[in-house]
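Below is my_file.cif, holding mmCIF, C-alpha atoms.
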data_model
#
loop_
_atom_site.label_atom_id
_atom_site.label_comp_id
_atom_site.auth_asym_id
_atom_site.auth_seq_id
_atom_site.Cartn_x
_atom_site.Cartn_y
_atom_site.Cartn_z
CA MET A 1 -40.99 -6.63 108.32
CA LYS A 2 -38.40 -8.16 110.56
CA VAL A 3 -36.26 -11.11 109.50
CA ARG A 4 -38.10 -13.51 111.80
CA GLN A 5 -41.43 -12.47 110.32
CA LEU A 6 -40.16 -12.93 106.76
CA THR A 7 -39.06 -16.50 107.46
CA LEU A 8 -42.68 -17.40 108.28
CA LEU A 9 -43.77 -16.63 104.71
CA ASP A 10 -43.70 -19.19 101.93
CA GLU A 11 -41.61 -18.52 98.81
CA GLN A 12 -44.48 -17.17 96.69
CA SER A 13 -45.62 -14.72 99.37
CA LEU A 14 -42.05 -13.58 99.92
CA GLN A 15 -41.54 -12.93 96.19
CA GLU A 16 -44.81 -10.98 95.97
CA LEU A 17 -43.81 -8.91 98.98
CA GLN A 18 -40.41 -8.13 97.49
CA GLN A 19 -41.95 -6.98 94.19
CA THR A 20 -44.26 -4.42 95.80
CA LYS A 21 -43.22 -0.91 96.74
CA TYR A 22 -44.74 2.04 98.54
CA VAL A 23 -45.62 4.99 96.33
CA VAL A 24 -47.13 8.39 97.11
CA ILE A 25 -50.30 9.20 95.20
CA LEU A 26 -52.81 12.04 94.99
CA VAL A 27 -56.37 11.08 95.96
CA ARG A 28 -59.73 12.78 96.27
CA GLU A 29 -62.10 11.80 99.05
CA LEU A 30 -65.43 10.22 98.14
CA LYS A 31 -68.23 11.48 100.44
CA ASN A 32 -71.91 10.69 99.88
CA ASN A 33 -71.10 9.34 96.39
CA LEU A 34 -69.54 12.70 95.44
CA VAL A 35 -65.86 13.20 94.67
CA GLN A 36 -64.53 16.11 96.73
CA PRO A 37 -62.51 18.78 94.87
CA THR A 38 -59.57 18.87 97.30
CA LYS A 39 -56.66 16.52 96.65
CA LYS A 40 -54.75 14.80 99.45
CA GLN A 41 -51.50 12.88 99.51
CA ALA A 42 -51.67 9.21 100.37
CA PHE A 43 -49.31 6.25 100.21
CA VAL A 44 -50.12 2.76 99.02
CA CYS A 45 -48.21 -0.45 98.44
CA LEU A 46 -48.45 -1.41 94.75
CA LYS A 47 -47.00 -4.00 92.41
CA PRO A 48 -45.11 -2.71 89.35
CA ASN A 49 -47.95 -3.75 87.01
CA GLU A 50 -50.57 -1.86 89.13
CA MET A 51 -49.05 1.63 88.96
CA LYS A 52 -52.13 3.12 87.22
CA VAL A 53 -54.17 4.83 89.95
CA LYS A 54 -56.36 7.31 88.05
CA GLY A 55 -60.01 6.40 88.62
CA GLU A 56 -59.14 3.53 90.97
CA LEU A 57 -60.87 3.21 94.33
CA PHE A 58 -58.91 3.19 97.61
CA ASN A 59 -59.89 2.67 101.22
CA ASP A 60 -58.22 3.80 104.44
CA CYS A 61 -58.27 2.08 107.84
CA LEU A 62 -61.29 4.15 108.94
CA GLY A 63 -63.43 2.99 106.00
CA ASN A 64 -63.27 6.25 104.04
CA HIS A 65 -63.20 5.88 100.26
CA TYR A 66 -60.82 7.77 97.97
CA VAL A 67 -60.45 8.06 94.20
CA GLY A 68 -56.92 7.99 92.82
CA CYS A 69 -55.67 10.91 90.72
CA LYS A 70 -52.01 10.25 89.91
CA VAL A 71 -48.74 8.78 91.17
CA LEU A 72 -46.30 11.33 92.56
CA ASN A 73 -42.87 10.19 91.43
CA GLY A 74 -40.00 11.70 93.37
CA ILE A 75 -41.89 12.10 96.66
CA HIS A 76 -41.09 9.44 99.24
CA TYR A 77 -43.66 8.27 101.74
CA SER A 78 -43.36 8.84 105.46
CA GLU A 79 -45.70 7.31 107.99
CA ALA A 80 -45.20 10.30 110.30
CA GLY A 81 -46.08 12.83 107.58
CA ASN A 82 -49.42 14.13 106.41
CA GLN A 83 -49.93 11.25 103.97
CA ILE A 84 -52.86 8.89 104.44
CA PRO A 85 -52.16 5.15 104.32
CA VAL A 86 -54.64 3.61 101.86
CA PHE A 87 -55.34 0.20 100.34
CA LYS A 88 -56.40 -0.46 96.77
CA LEU A 89 -59.89 -1.90 96.30
CA PRO A 90 -60.70 -4.40 93.53
CA ASN A 91 -63.17 -2.18 91.67
CA ASN A 92 -62.79 1.29 90.17
CA ILE A 93 -64.95 4.39 90.57
CA GLN A 94 -67.16 3.59 87.56
CA ASP A 95 -68.08 0.16 88.96
CA TYR A 96 -68.70 1.63 92.42
CA LEU A 97 -71.00 4.38 91.18
CA THR A 98 -72.83 1.97 88.87
CA ASN A 99 -73.60 -0.27 91.86
CA GLN A 100 -74.76 2.74 93.88
CA LEU A 101 -77.00 4.13 91.12
CA THR A 102 -78.61 0.91 89.87
CA PRO A 103 -81.40 0.85 92.52
CA ILE A 104 -82.16 4.54 91.92
CA ILE A 105 -82.37 4.08 88.15
CA SER A 106 -84.65 1.05 88.45
CA LEU A 107 -86.92 2.94 90.89
CA LEU A 108 -87.18 5.87 88.47
CA ASP A 109 -87.96 3.48 85.59
CA GLN A 110 -90.67 1.81 87.66
CA LYS A 111 -92.24 5.18 88.57
CA ARG A 112 -92.09 6.27 84.92
CA ARG A 113 -93.82 3.06 83.77
CA ASN A 114 -96.50 3.41 86.46
CA TYR A 115 -97.12 7.06 85.56
CA TYR A 116 -97.69 6.34 81.88
CA ALA A 117 -99.70 3.18 82.63
CA ASN A 118 -102.40 5.17 84.46
#
Once you've parsed the file, please lay out its structure as structure tokens.
Amino acid sequence: MKVRQLTLLDEQSLQELQQTKYVVILVRELKNNLVQPTKKQAFVCLKPNEMKVKGELFNDCLGNHYVGCKVLNGIHYSEAGNQIPVFKLPNNIQDYLTNQLTPIISLLDQKRRNYYAN
């Protein structure tokens, strides 16, 4: 951010911004509720207390979902490189898949109850 842009922030926002840093992570793409086997490099802005990325859910600007694998220490991010810019989502992969599978499980339970009721 430029100096003029930083002066528009209040003190709390400025402190939060100064505490975050960009890190390079390995992610796997999530397609059709399946985690793909190939790993890709991505960069994300994280706070020091949020450096755990394994099993966390990330999103890119196109709406694709990714699952975090690990933080790559020693590799610096570059926006011009082959790294994908991603944003951390509030829930992890277990919560996401639970939400996706709940309607399917309830439908199977209902069909099972109806089958044995007849």
For atom CA of A:Phe43 and atom CA of A:Leu57, determine how far apart the two atoms are, in Å to one decimal place. 13.3 Å
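Note that atom CA of A:Leu107 and atom CA of A:Asn32 are 19.1 Å apart.
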To test your reading of the syntax: which residues would the PyMOL selection byres ((chain A and resi 67-74) around 8) return for the file shown? Reply as a tab-separated table (two decimals) with C-alpha atoms, in the frame of the given file.
chain	number	residue	atom	x	y	z
A	23	VAL	CA	-45.62	4.99	96.33
A	24	VAL	CA	-47.13	8.39	97.11
A	25	ILE	CA	-50.30	9.20	95.20
A	26	LEU	CA	-52.81	12.04	94.99
A	27	VAL	CA	-56.37	11.08	95.96
A	28	ARG	CA	-59.73	12.78	96.27
A	29	GLU	CA	-62.10	11.80	99.05
A	30	LEU	CA	-65.43	10.22	98.14
A	35	VAL	CA	-65.86	13.20	94.67
A	51	MET	CA	-49.05	1.63	88.96
A	52	LYS	CA	-52.13	3.12	87.22
A	53	VAL	CA	-54.17	4.83	89.95
A	54	LYS	CA	-56.36	7.31	88.05
A	55	GLY	CA	-60.01	6.40	88.62
A	56	GLU	CA	-59.14	3.53	90.97
A	57	LEU	CA	-60.87	3.21	94.33
A	58	PHE	CA	-58.91	3.19	97.61
A	65	HIS	CA	-63.20	5.88	100.26
A	66	TYR	CA	-60.82	7.77	97.97
A	75	ILE	CA	-41.89	12.10	96.66
A	76	HIS	CA	-41.09	9.44	99.24
A	93	ILE	CA	-64.95	4.39	90.57
Evaluate the PyMOL selection byres ((chain A and resi 81-91) around 8) against this structure - the residues, as a ChimeraX atom specification, please. /A:24,40-45,56-61,77-80,92-93,95-96
Interatomic distance, atom CA of A:Asn64 to atom CA of A:Gln100 (Å, one decimal): 15.7 Å
